[in-house]
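Heads up, target_9.cif below (mmCIF, C-alpha atoms):
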```
data_model
loop_
_atom_site.group_PDB
_atom_site.id
_atom_site.type_symbol
_atom_site.label_atom_id
_atom_site.label_comp_id
_atom_site.auth_asym_id
_atom_site.auth_seq_id
_atom_site.Cartn_x
_atom_site.Cartn_y
_atom_site.Cartn_z
ATOM 1 C CA MET A 1 15.322 -15.260 12.353
ATOM 2 C CA ASN A 2 17.754 -12.524 11.312
ATOM 3 C CA ILE A 3 18.030 -10.784 7.962
ATOM 4 C CA ASP A 4 21.189 -9.568 6.257
ATOM 5 C CA LEU A 5 21.031 -5.792 5.915
ATOM 6 C CA SER A 6 24.410 -5.641 4.204
ATOM 7 C CA THR A 7 23.331 -7.831 1.295
ATOM 8 C CA ALA A 8 19.996 -5.980 1.245
ATOM 9 C CA ALA A 9 21.922 -2.736 0.722
ATOM 10 C CA ASP A 10 23.883 -4.381 -2.096
ATOM 11 C CA PHE A 11 20.627 -5.548 -3.686
ATOM 12 C CA MET A 12 19.167 -2.059 -3.554
ATOM 13 C CA ALA A 13 22.296 -0.625 -5.169
ATOM 14 C CA THR A 14 22.277 -3.147 -8.009
ATOM 15 C CA HIS A 15 18.557 -3.742 -8.646
ATOM 16 C CA ALA A 16 16.287 -1.004 -7.260
ATOM 17 C CA ARG A 17 15.012 2.247 -8.741
ATOM 18 C CA VAL A 18 16.277 5.505 -7.262
ATOM 19 C CA LEU A 19 13.060 6.111 -5.309
ATOM 20 C CA ASP A 20 13.304 2.850 -3.391
ATOM 21 C CA ARG A 21 17.027 3.311 -2.863
ATOM 22 C CA ARG A 22 16.239 6.661 -1.238
ATOM 23 C CA ARG A 23 13.447 5.082 0.835
ATOM 24 C CA PHE A 24 15.858 2.369 1.971
ATOM 25 C CA GLU A 25 18.465 4.961 2.916
ATOM 26 C CA LEU A 26 15.800 6.879 4.841
ATOM 27 C CA LEU A 27 14.792 3.691 6.649
ATOM 28 C CA MET A 28 18.433 3.121 7.592
ATOM 29 C CA ASP A 29 18.813 6.750 8.784
ATOM 30 C CA ARG A 30 21.396 7.426 6.067
ATOM 31 C CA THR A 31 19.607 10.280 4.305
ATOM 32 C CA ASP A 32 16.943 12.914 4.905
ATOM 33 C CA PRO A 33 13.354 13.373 3.716
ATOM 34 C CA ALA A 34 14.394 15.823 1.005
ATOM 35 C CA ALA A 35 16.224 13.093 -0.893
ATOM 36 C CA ALA A 36 13.203 10.769 -0.904
ATOM 37 C CA LEU A 37 10.886 13.622 -1.922
ATOM 38 C CA ALA A 38 13.208 14.598 -4.771
ATOM 39 C CA ALA A 39 13.096 11.045 -6.102
ATOM 40 C CA LEU A 40 9.304 10.947 -5.757
ATOM 41 C CA ASP A 41 8.987 14.199 -7.700
ATOM 42 C CA GLY A 42 10.273 12.367 -10.772
ATOM 43 C CA TYR A 43 6.884 10.605 -10.950
ATOM 44 C CA ARG A 44 4.804 13.722 -10.308
ATOM 45 C CA ASN A 45 2.633 15.417 -12.901
ATOM 46 C CA PRO A 46 1.703 19.125 -13.125
ATOM 47 C CA ASP A 47 -1.835 18.273 -11.912
ATOM 48 C CA GLY A 48 -0.446 17.172 -8.531
ATOM 49 C CA GLY A 49 -0.971 13.463 -9.125
ATOM 50 C CA TYR A 50 1.552 10.750 -9.890
ATOM 51 C CA GLY A 51 2.153 8.327 -12.779
ATOM 52 C CA TRP A 52 5.120 7.243 -14.882
ATOM 53 C CA GLY A 53 5.286 3.740 -13.397
ATOM 54 C CA LEU A 54 5.237 4.734 -9.724
ATOM 55 C CA GLU A 55 2.782 1.822 -9.546
ATOM 56 C CA PRO A 56 5.162 -0.696 -11.174
ATOM 57 C CA ASP A 57 2.566 -2.507 -13.281
ATOM 58 C CA LEU A 58 0.972 0.715 -14.528
ATOM 59 C CA ARG A 59 3.588 2.311 -16.785
ATOM 60 C CA SER A 60 1.396 5.000 -18.340
ATOM 61 C CA PRO A 61 2.516 8.561 -17.541
ATOM 62 C CA GLU A 62 -0.783 10.201 -16.536
ATOM 63 C CA SER A 63 -1.797 10.516 -12.886
ATOM 64 C CA GLN A 64 -3.537 7.450 -11.479
ATOM 65 C CA PRO A 65 -5.172 6.481 -8.145
ATOM 66 C CA GLY A 66 -2.868 3.453 -7.875
ATOM 67 C CA ALA A 67 0.169 5.720 -8.001
ATOM 68 C CA ALA A 68 -1.327 7.982 -5.332
ATOM 69 C CA LEU A 69 -1.120 5.088 -2.879
ATOM 70 C CA HIS A 70 2.624 4.755 -3.412
ATOM 71 C CA ALA A 71 3.142 8.500 -3.100
ATOM 72 C CA PHE A 72 1.412 8.438 0.299
ATOM 73 C CA GLU A 73 3.803 5.647 1.331
ATOM 74 C CA VAL A 74 6.693 8.071 0.842
ATOM 75 C CA PHE A 75 4.868 10.856 2.688
ATOM 76 C CA GLU A 76 4.480 8.397 5.569
ATOM 77 C CA ASP A 77 8.175 7.480 5.383
ATOM 78 C CA ILE A 78 9.294 11.073 5.943
ATOM 79 C CA ALA A 79 7.363 11.566 9.206
ATOM 80 C CA PRO A 80 7.457 13.735 11.232
ATOM 81 C CA ALA A 81 8.442 15.916 8.277
ATOM 82 C CA THR A 82 5.657 17.047 5.965
ATOM 83 C CA ALA A 83 5.556 18.043 2.315
ATOM 84 C CA PRO A 84 3.147 20.339 0.441
ATOM 85 C CA GLN A 85 2.961 17.685 -2.282
ATOM 86 C CA ALA A 86 0.812 15.550 0.048
ATOM 87 C CA ALA A 87 -2.000 18.103 0.250
ATOM 88 C CA ALA A 88 -1.650 18.757 -3.483
ATOM 89 C CA LEU A 89 -2.139 15.027 -4.069
ATOM 90 C CA CYS A 90 -5.347 15.226 -2.035
ATOM 91 C CA ASP A 91 -6.421 18.075 -4.329
ATOM 92 C CA TRP A 92 -5.834 15.864 -7.358
ATOM 93 C CA LEU A 93 -7.709 12.956 -5.790
ATOM 94 C CA GLU A 94 -10.620 15.289 -5.073
ATOM 95 C CA SER A 95 -10.647 16.226 -8.759
ATOM 96 C CA VAL A 96 -11.109 12.584 -9.856
ATOM 97 C CA THR A 97 -13.440 11.496 -7.052
ATOM 98 C CA LEU A 98 -16.822 10.293 -8.258
ATOM 99 C CA PRO A 99 -20.136 11.581 -6.852
ATOM 100 C CA ASP A 100 -20.377 8.752 -4.290
ATOM 101 C CA GLY A 101 -17.021 9.722 -2.747
ATOM 102 C CA GLY A 102 -14.933 6.894 -4.148
ATOM 103 C CA VAL A 103 -12.228 6.905 -6.801
ATOM 104 C CA PRO A 104 -12.154 4.591 -9.814
ATOM 105 C CA PHE A 105 -9.750 1.672 -9.882
ATOM 106 C CA ALA A 106 -7.931 3.376 -12.768
ATOM 107 C CA LEU A 107 -8.397 6.252 -15.167
ATOM 108 C CA PRO A 108 -8.078 5.961 -18.977
ATOM 109 C CA LEU A 109 -4.546 5.143 -20.087
ATOM 110 C CA THR A 110 -2.470 7.022 -22.622
ATOM 111 C CA VAL A 111 0.103 4.190 -22.831
ATOM 112 C CA ALA A 112 -0.902 0.543 -22.524
ATOM 113 C CA ALA A 113 2.552 -1.036 -22.893
ATOM 114 C CA GLY A 114 3.814 -2.728 -19.751
ATOM 115 C CA THR A 115 0.523 -2.212 -17.933
ATOM 116 C CA ALA A 116 -1.392 -5.069 -16.315
ATOM 117 C CA PRO A 117 -4.776 -6.027 -17.751
ATOM 118 C CA TRP A 118 -6.585 -5.267 -14.487
ATOM 119 C CA TRP A 119 -5.522 -1.629 -14.814
ATOM 120 C CA GLN A 120 -6.308 -1.511 -18.537
ATOM 121 C CA GLY A 121 -9.781 -2.967 -18.063
ATOM 122 C CA ALA A 122 -10.892 -0.679 -15.242
ATOM 123 C CA ASP A 123 -14.128 1.282 -15.575
ATOM 124 C CA PRO A 124 -13.349 4.964 -14.850
ATOM 125 C CA THR A 125 -17.002 5.699 -14.130
ATOM 126 C CA VAL A 126 -17.314 3.300 -11.161
ATOM 127 C CA SER A 127 -15.807 3.734 -7.693
ATOM 128 C CA ALA A 128 -13.638 0.894 -6.419
ATOM 129 C CA LEU A 129 -13.484 0.020 -2.731
ATOM 130 C CA GLN A 130 -10.178 -1.768 -3.307
ATOM 131 C CA ILE A 131 -8.186 1.256 -4.451
ATOM 132 C CA THR A 132 -10.129 3.854 -2.445
ATOM 133 C CA SER A 133 -9.707 2.004 0.850
ATOM 134 C CA VAL A 134 -5.998 1.290 0.552
ATOM 135 C CA THR A 135 -5.258 4.828 -0.636
ATOM 136 C CA ALA A 136 -7.351 6.385 2.124
ATOM 137 C CA ALA A 137 -5.670 4.133 4.699
ATOM 138 C CA ALA A 138 -2.258 5.357 3.593
ATOM 139 C CA ALA A 139 -3.497 8.952 3.640
ATOM 140 C CA HIS A 140 -4.775 8.539 7.216
ATOM 141 C CA ARG A 141 -1.343 7.353 8.301
ATOM 142 C CA VAL A 142 0.104 10.510 6.741
ATOM 143 C CA ALA A 143 -2.653 12.596 8.351
ATOM 144 C CA ALA A 144 -1.418 11.467 11.764
ATOM 145 C CA HIS A 145 1.511 13.876 11.357
ATOM 146 C CA ASP A 146 0.373 16.167 8.532
ATOM 147 C CA PRO A 147 -2.466 18.558 9.497
ATOM 148 C CA ALA A 148 -3.046 19.615 5.879
ATOM 149 C CA VAL A 149 -3.875 16.051 4.875
ATOM 150 C CA ALA A 150 -5.945 15.466 8.013
ATOM 151 C CA ALA A 151 -8.116 18.488 7.264
ATOM 152 C CA HIS A 152 -8.487 17.889 3.539
ATOM 153 C CA PRO A 153 -12.102 17.358 2.408
ATOM 154 C CA TRP A 154 -11.091 14.576 0.013
ATOM 155 C CA LEU A 155 -10.005 12.374 2.891
ATOM 156 C CA GLU A 156 -13.302 12.674 4.734
ATOM 157 C CA ARG A 157 -15.274 12.013 1.519
ATOM 158 C CA ALA A 158 -13.188 8.921 0.767
ATOM 159 C CA THR A 159 -13.484 7.755 4.363
ATOM 160 C CA ARG A 160 -17.264 8.056 4.353
ATOM 161 C CA TYR A 161 -17.480 6.205 1.031
ATOM 162 C CA CYS A 162 -15.379 3.320 2.391
ATOM 163 C CA LEU A 163 -17.320 3.060 5.643
ATOM 164 C CA ASP A 164 -20.639 3.052 3.800
ATOM 165 C CA VAL A 165 -19.565 0.398 1.278
ATOM 166 C CA ILE A 166 -17.962 -1.820 3.925
ATOM 167 C CA GLU A 167 -21.224 -1.653 5.878
ATOM 168 C CA THR A 168 -22.967 -3.375 2.951
ATOM 169 C CA ILE A 169 -20.538 -6.316 2.670
ATOM 170 C CA ASP A 170 -22.416 -9.534 3.449
ATOM 171 C CA ARG A 171 -20.124 -12.175 1.982
ATOM 172 C CA ALA A 172 -16.382 -12.749 1.781
ATOM 173 C CA PRO A 173 -14.921 -10.235 -0.682
ATOM 174 C CA GLN A 174 -11.978 -10.817 -2.986
ATOM 175 C CA ALA A 175 -8.720 -11.236 -1.059
ATOM 176 C CA TYR A 176 -7.241 -7.811 -1.806
ATOM 177 C CA VAL A 177 -10.535 -6.026 -1.209
ATOM 178 C CA LEU A 178 -10.765 -7.736 2.177
ATOM 179 C CA ALA A 179 -7.169 -6.992 3.148
ATOM 180 C CA PHE A 180 -7.352 -3.342 2.088
ATOM 181 C CA ALA A 181 -10.693 -2.828 3.822
ATOM 182 C CA VAL A 182 -9.242 -4.283 7.033
ATOM 183 C CA ARG A 183 -6.221 -1.999 6.776
ATOM 184 C CA PHE A 184 -8.496 0.975 6.181
ATOM 185 C CA LEU A 185 -10.625 0.192 9.239
ATOM 186 C CA ASP A 186 -7.475 -0.228 11.285
ATOM 187 C CA ALA A 187 -6.272 3.203 10.116
ATOM 188 C CA VAL A 188 -9.523 4.998 11.018
ATOM 189 C CA HIS A 189 -10.229 3.018 14.195
ATOM 190 C CA ASP A 190 -9.146 5.877 16.462
ATOM 191 C CA THR A 191 -11.152 8.591 14.693
ATOM 192 C CA HIS A 192 -14.364 6.872 13.524
ATOM 193 C CA PRO A 193 -16.224 4.873 16.212
ATOM 194 C CA GLU A 194 -18.093 2.686 13.704
ATOM 195 C CA ALA A 195 -14.813 1.226 12.472
ATOM 196 C CA ALA A 196 -14.505 -1.117 15.464
ATOM 197 C CA GLY A 197 -17.721 -2.985 14.736
ATOM 198 C CA LEU A 198 -17.013 -3.127 11.009
ATOM 199 C CA LEU A 199 -13.558 -4.521 11.696
ATOM 200 C CA ARG A 200 -15.039 -7.284 13.849
ATOM 201 C CA ARG A 201 -17.498 -8.114 11.060
ATOM 202 C CA LEU A 202 -14.822 -8.297 8.384
ATOM 203 C CA GLY A 203 -12.690 -10.371 10.718
ATOM 204 C CA GLU A 204 -15.224 -13.159 10.328
ATOM 205 C CA TYR A 205 -14.008 -13.585 6.751
ATOM 206 C CA VAL A 206 -10.339 -13.838 7.751
ATOM 207 C CA PRO A 207 -9.219 -17.401 8.617
ATOM 208 C CA ALA A 208 -7.303 -17.945 11.827
ATOM 209 C CA ASP A 209 -4.042 -18.514 9.955
ATOM 210 C CA GLY A 210 -4.591 -15.404 7.820
ATOM 211 C CA ARG A 211 -3.842 -17.209 4.563
ATOM 212 C CA ILE A 212 -6.182 -16.386 1.684
ATOM 213 C CA PRO A 213 -5.393 -17.430 -1.906
ATOM 214 C CA VAL A 214 -5.869 -14.662 -4.457
ATOM 215 C CA GLU A 215 -8.552 -15.658 -6.921
ATOM 216 C CA GLY A 216 -7.307 -15.030 -10.446
ATOM 217 C CA GLY A 217 -3.726 -14.530 -9.271
ATOM 218 C CA THR A 218 -0.668 -16.691 -9.859
ATOM 219 C CA GLU A 219 -0.553 -20.257 -8.577
ATOM 220 C CA ASP A 220 1.324 -19.237 -5.422
ATOM 221 C CA GLU A 221 -0.271 -15.831 -4.856
ATOM 222 C CA THR A 222 -1.602 -15.787 -1.298
ATOM 223 C CA LEU A 223 -2.220 -13.093 1.276
ATOM 224 C CA HIS A 224 -0.846 -13.611 4.776
ATOM 225 C CA PRO A 225 -1.492 -12.146 8.244
ATOM 226 C CA LEU A 226 0.956 -9.274 7.766
ATOM 227 C CA ASP A 227 -0.937 -8.212 4.646
ATOM 228 C CA PHE A 228 -3.916 -7.546 6.922
ATOM 229 C CA ALA A 229 -2.150 -6.309 10.049
ATOM 230 C CA PRO A 230 1.415 -5.093 9.447
ATOM 231 C CA HIS A 231 1.503 -2.637 12.358
ATOM 232 C CA PRO A 232 2.036 -3.837 15.939
ATOM 233 C CA GLY A 233 -0.265 -2.562 18.655
ATOM 234 C CA ARG A 234 -3.096 -1.814 16.238
ATOM 235 C CA PRO A 235 -6.658 -3.223 16.368
ATOM 236 C CA ALA A 236 -6.230 -5.384 13.247
ATOM 237 C CA ARG A 237 -3.689 -7.445 15.186
ATOM 238 C CA ASP A 238 -6.570 -8.751 17.310
ATOM 239 C CA LEU A 239 -7.644 -10.839 14.300
ATOM 240 C CA PHE A 240 -4.648 -13.122 14.911
ATOM 241 C CA THR A 241 -2.915 -14.805 17.810
ATOM 242 C CA PRO A 242 0.606 -13.651 18.699
ATOM 243 C CA GLU A 243 1.863 -17.054 17.553
ATOM 244 C CA VAL A 244 0.374 -16.564 14.078
ATOM 245 C CA ILE A 245 1.981 -13.126 13.753
ATOM 246 C CA SER A 246 5.338 -14.428 14.983
ATOM 247 C CA ALA A 247 5.263 -17.263 12.458
ATOM 248 C CA ASP A 248 4.395 -14.833 9.677
ATOM 249 C CA LEU A 249 7.286 -12.571 10.624
ATOM 250 C CA ASP A 250 9.533 -15.637 10.362
ATOM 251 C CA ARG A 251 8.037 -16.362 6.926
ATOM 252 C CA LEU A 252 8.663 -12.793 5.770
ATOM 253 C CA ALA A 253 12.265 -12.794 6.972
ATOM 254 C CA ALA A 254 12.900 -16.129 5.243
ATOM 255 C CA LEU A 255 11.879 -14.662 1.878
ATOM 256 C CA GLN A 256 15.143 -12.707 1.639
ATOM 257 C CA GLN A 257 17.068 -14.161 -1.285
ATOM 258 C CA ALA A 258 20.782 -14.817 -1.720
ATOM 259 C CA ASP A 259 21.079 -11.535 -3.658
ATOM 260 C CA GLY A 260 19.778 -9.653 -0.588
ATOM 261 C CA GLY A 261 16.356 -8.733 -1.948
ATOM 262 C CA TRP A 262 12.846 -10.037 -1.427
ATOM 263 C CA ILE A 263 10.690 -11.818 -3.964
ATOM 264 C CA VAL A 264 7.073 -11.309 -4.998
ATOM 265 C CA ASP A 265 4.539 -14.062 -5.656
ATOM 266 C CA TYR A 266 2.210 -12.112 -7.943
ATOM 267 C CA ALA A 267 2.368 -11.681 -11.692
ATOM 268 C CA THR A 268 4.697 -9.015 -13.015
ATOM 269 C CA ILE A 269 4.022 -7.513 -16.381
ATOM 270 C CA SER A 270 7.223 -5.914 -17.667
ATOM 271 C CA PRO A 271 10.993 -6.260 -17.041
ATOM 272 C CA ALA A 272 11.059 -2.815 -15.423
ATOM 273 C CA GLY A 273 8.011 -3.590 -13.314
ATOM 274 C CA SER A 274 9.525 -6.838 -12.090
ATOM 275 C CA LEU A 275 12.634 -5.077 -10.790
ATOM 276 C CA ASP A 276 10.623 -2.169 -9.417
ATOM 277 C CA TRP A 277 8.410 -4.523 -7.437
ATOM 278 C CA ARG A 278 11.407 -6.312 -5.918
ATOM 279 C CA GLY A 279 12.936 -3.033 -4.738
ATOM 280 C CA HIS A 280 9.599 -1.798 -3.393
ATOM 281 C CA THR A 281 8.924 -5.138 -1.694
ATOM 282 C CA THR A 282 12.382 -5.220 -0.137
ATOM 283 C CA VAL A 283 11.858 -1.806 1.454
ATOM 284 C CA GLY A 284 8.412 -2.855 2.658
ATOM 285 C CA ALA A 285 9.670 -6.139 4.134
ATOM 286 C CA ILE A 286 12.501 -4.483 6.045
ATOM 287 C CA ASP A 287 10.185 -1.745 7.290
ATOM 288 C CA THR A 288 7.623 -4.292 8.522
ATOM 289 C CA LEU A 289 10.290 -6.394 10.231
ATOM 290 C CA ARG A 290 11.779 -3.281 11.835
ATOM 291 C CA ARG A 291 8.390 -2.086 13.123
ATOM 292 C CA ASN A 292 7.904 -5.505 14.691
ATOM 293 C CA GLY A 293 11.277 -5.633 16.394
ATOM 294 C CA ARG A 294 12.941 -8.064 14.010
ATOM 295 C CA VAL A 295 15.573 -5.626 12.697
#
```
Turn the structure described in the file into structure tokens.
Amino acid sequence: MNIDLSTAADFMATHARVLDRRRFELLMDRTDPAAALAALDGYRNPDGGYGWGLEPDLRSPESQPGAALHAFEVFEDIAPATAPQAAALCDWLESVTLPDGGVPFALPLTVAAGTAPWWQGADPTVSALQITSVTAAAAHRVAAHDPAVAAHPWLERATRYCLDVIETIDRAPQAYVLAFAVRFLDAVHDTHPEAAGLLRRLGEYVPADGRIPVEGGTEDETLHPLDFAPHPGRPARDLFTPEVISADLDRLAALQQADGGWIVDYATISPAGSLDWRGHTTVGAIDTLRRNGRV
């Protein structure tokens, strides 16, 4: 199944925030890393972290762990180029890391408007595997080409926290926790030998078709195989047959709408967040399809 890159470009021009327009242009080899980094800097705070709605459903301006994830996505996009902001982000994450090595799901908010209740209700004194694992996974992908991130002590602390907590899992976790833990183990598989066995254990909680409804989400909110294993040739792909992955790539391609963009099936909290998510999701869908030879 083919996608229409021309209408996707039109969608990005008419709907997406500048950051995702720059990421799209970078993906299409129409710009350089400096342009994407300049757009990302608009969300950066003097402490080296990121806020200001970089995580679309967390509109508060102060630096947040959820925004750090999205910043690492951009630092991955610019590879093989590197940016000093990536190591500075690790410095900020180190400053908010709790004694056990994890980061809280969210820090106290200065602005609640437009922010989802799950961010507002987070306990800043408790580490969260969900946000620590997905952020560390993204950081490890950046570390593959950025020596400053690879050597940063925050990353090893976060990695050890995730491995230790995953080791204690003895029942199926919430869908996003499971997916992010799988993606984390996939990211550290080549550098931490224990990841292979932990990945096999978590795989027991992933159904063969990879579809897991999100408890507490919208009626249609469901995770799919590509949410667990978006990268070809990686160990997480062994959780699924090639036929399941191929069918999920077809599903992802079919989600392109007549306006050229992709949709989301989870709750959006504000008008700005809704548009931001569609632009972010469109870039992510095209990137995943490209990595898997569908673009």
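Residues in contact range of Gly197 of chain A, defined as at most 12 Å between only C-alpha atoms, with sequence neighbours fewer than 4 positions away removed, read Leu163, Ile166, Glu167, Val182, Leu185, Asp186, His189, His192, Pro193, Arg201, Leu202, Gly203, Glu204, Pro235 and Ala236 of chain A.
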Between atom CA of Leu252 of chain A and atom CA of Asp238 of chain A, measure the distance and give it in Å to one decimal.
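If I compute the distance from atom CA of Leu252 of chain A to atom CA of Asp238 of chain A, I get 19.5 Å.
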Given the choices A:Leu249, A:Leu199, A:Leu255, A:Leu58, which gets closest to Ala112 of chain A if the distance is worked out from all atoms listed in the file?
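Of A:Leu249, A:Leu199, A:Leu255, A:Leu58, the one nearest Ala112 of chain A is A:Leu58, counting all atoms listed in the file.
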Can you spell out as number ranges by chain the set of residues that the PyMOL selection byres ((chain A and resi 146) around 12) selects in the structure I just provided?
A: 72, 75-76, 78-87, 139-145, 147-152
Residue by residue, what does the PyMOL selection byres ((chain A and resi 19-32) around 8) grab here? Present the result as JSON, numbers by chain.
{"A": [12, 13, 16, 17, 18, 33, 34, 35, 36, 39, 40, 74, 77, 78, 279, 280, 283, 287]}
Starting from the shown file, work through the PyMOL selection byres ((chain A and resi 208) around 10) and note down what comes out as a ChimeraX atom specification.
/A:203-207,209-211,225,239-241,244
Tell me, as a count of residues only, which residues lie within 12 Å of Gly293 of chain A, counting only C-alpha atoms; anything in the same chain fewer than 6 positions away does not count.
11
Quick one: of A:Thr218, A:Thr97, A:Thr14, A:Ser270, who's nearest to Pro153 of chain A, counting all atoms listed in the file?
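Looking only at the distances to Pro153 of chain A, the closest residue turns out to be A:Thr97.
Going from atom CA of Gly101 of chain A over to atom CA of Trp119 of chain A, you cover 20.2 Å.
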Mind filling out segment 188-203 of chain A with N, CA, C and O atoms and sending it as a PDB file, keeping the file's coordinate frame?
```
ATOM      1  N   VAL A 188      -8.542   4.008  10.544  1.00  0.00           N
ATOM      2  CA  VAL A 188      -9.523   4.998  11.018  1.00  0.00           C
ATOM      3  C   VAL A 188     -10.136   4.611  12.361  1.00  0.00           C
ATOM      4  O   VAL A 188     -11.040   5.289  12.849  1.00  0.00           O
ATOM      5  N   HIS A 189      -9.649   3.543  12.963  1.00  0.00           N
ATOM      6  CA  HIS A 189     -10.229   3.018  14.195  1.00  0.00           C
ATOM      7  C   HIS A 189     -10.270   4.069  15.305  1.00  0.00           C
ATOM      8  O   HIS A 189     -11.231   4.118  16.093  1.00  0.00           O
ATOM      9  N   ASP A 190      -9.250   4.914  15.363  1.00  0.00           N
ATOM     10  CA  ASP A 190      -9.146   5.877  16.462  1.00  0.00           C
ATOM     11  C   ASP A 190      -9.974   7.130  16.237  1.00  0.00           C
ATOM     12  O   ASP A 190     -10.177   7.923  17.167  1.00  0.00           O
ATOM     13  N   THR A 191     -10.445   7.346  15.008  1.00  0.00           N
ATOM     14  CA  THR A 191     -11.152   8.591  14.693  1.00  0.00           C
ATOM     15  C   THR A 191     -12.605   8.389  14.292  1.00  0.00           C
ATOM     16  O   THR A 191     -13.374   9.356  14.268  1.00  0.00           O
ATOM     17  N   HIS A 192     -12.995   7.152  13.965  1.00  0.00           N
ATOM     18  CA  HIS A 192     -14.364   6.872  13.524  1.00  0.00           C
ATOM     19  C   HIS A 192     -14.892   5.681  14.332  1.00  0.00           C
ATOM     20  O   HIS A 192     -14.505   4.533  14.100  1.00  0.00           O
ATOM     21  N   PRO A 193     -15.775   5.922  15.292  1.00  0.00           N
ATOM     22  CA  PRO A 193     -16.224   4.873  16.212  1.00  0.00           C
ATOM     23  C   PRO A 193     -16.821   3.644  15.524  1.00  0.00           C
ATOM     24  O   PRO A 193     -16.699   2.530  16.040  1.00  0.00           O
ATOM     25  N   GLU A 194     -17.456   3.825  14.371  1.00  0.00           N
ATOM     26  CA  GLU A 194     -18.093   2.686  13.704  1.00  0.00           C
ATOM     27  C   GLU A 194     -17.081   1.702  13.147  1.00  0.00           C
ATOM     28  O   GLU A 194     -17.429   0.565  12.803  1.00  0.00           O
ATOM     29  N   ALA A 195     -15.826   2.106  13.054  1.00  0.00           N
ATOM     30  CA  ALA A 195     -14.813   1.226  12.472  1.00  0.00           C
ATOM     31  C   ALA A 195     -14.613  -0.035  13.299  1.00  0.00           C
ATOM     32  O   ALA A 195     -14.325  -1.105  12.748  1.00  0.00           O
ATOM     33  N   ALA A 196     -14.750   0.049  14.612  1.00  0.00           N
ATOM     34  CA  ALA A 196     -14.505  -1.117  15.464  1.00  0.00           C
ATOM     35  C   ALA A 196     -15.459  -2.256  15.137  1.00  0.00           C
ATOM     36  O   ALA A 196     -15.046  -3.412  14.969  1.00  0.00           O
ATOM     37  N   GLY A 197     -16.753  -1.949  15.046  1.00  0.00           N
ATOM     38  CA  GLY A 197     -17.721  -2.985  14.736  1.00  0.00           C
ATOM     39  C   GLY A 197     -17.550  -3.538  13.337  1.00  0.00           C
ATOM     40  O   GLY A 197     -17.683  -4.749  13.104  1.00  0.00           O
ATOM     41  N   LEU A 198     -17.226  -2.665  12.373  1.00  0.00           N
ATOM     42  CA  LEU A 198     -17.013  -3.127  11.009  1.00  0.00           C
ATOM     43  C   LEU A 198     -15.779  -4.017  10.916  1.00  0.00           C
ATOM     44  O   LEU A 198     -15.758  -5.005  10.174  1.00  0.00           O
ATOM     45  N   LEU A 199     -14.755  -3.696  11.697  1.00  0.00           N
ATOM     46  CA  LEU A 199     -13.558  -4.521  11.696  1.00  0.00           C
ATOM     47  C   LEU A 199     -13.859  -5.907  12.257  1.00  0.00           C
ATOM     48  O   LEU A 199     -13.378  -6.919  11.734  1.00  0.00           O
ATOM     49  N   ARG A 200     -14.656  -5.977  13.310  1.00  0.00           N
ATOM     50  CA  ARG A 200     -15.039  -7.284  13.849  1.00  0.00           C
ATOM     51  C   ARG A 200     -15.826  -8.083  12.813  1.00  0.00           C
ATOM     52  O   ARG A 200     -15.630  -9.298  12.670  1.00  0.00           O
ATOM     53  N   ARG A 201     -16.720  -7.421  12.085  1.00  0.00           N
ATOM     54  CA  ARG A 201     -17.498  -8.114  11.060  1.00  0.00           C
ATOM     55  C   ARG A 201     -16.610  -8.648   9.953  1.00  0.00           C
ATOM     56  O   ARG A 201     -16.731  -9.809   9.543  1.00  0.00           O
ATOM     57  N   LEU A 202     -15.712  -7.825   9.445  1.00  0.00           N
ATOM     58  CA  LEU A 202     -14.822  -8.297   8.384  1.00  0.00           C
ATOM     59  C   LEU A 202     -13.895  -9.394   8.885  1.00  0.00           C
ATOM     60  O   LEU A 202     -13.503 -10.282   8.114  1.00  0.00           O
ATOM     61  N   GLY A 203     -13.557  -9.339  10.161  1.00  0.00           N
ATOM     62  CA  GLY A 203     -12.690 -10.371  10.718  1.00  0.00           C
ATOM     63  C   GLY A 203     -13.271 -11.771  10.617  1.00  0.00           C
ATOM     64  O   GLY A 203     -12.528 -12.758  10.621  1.00  0.00           O
TER      65      GLY A 203
END
```
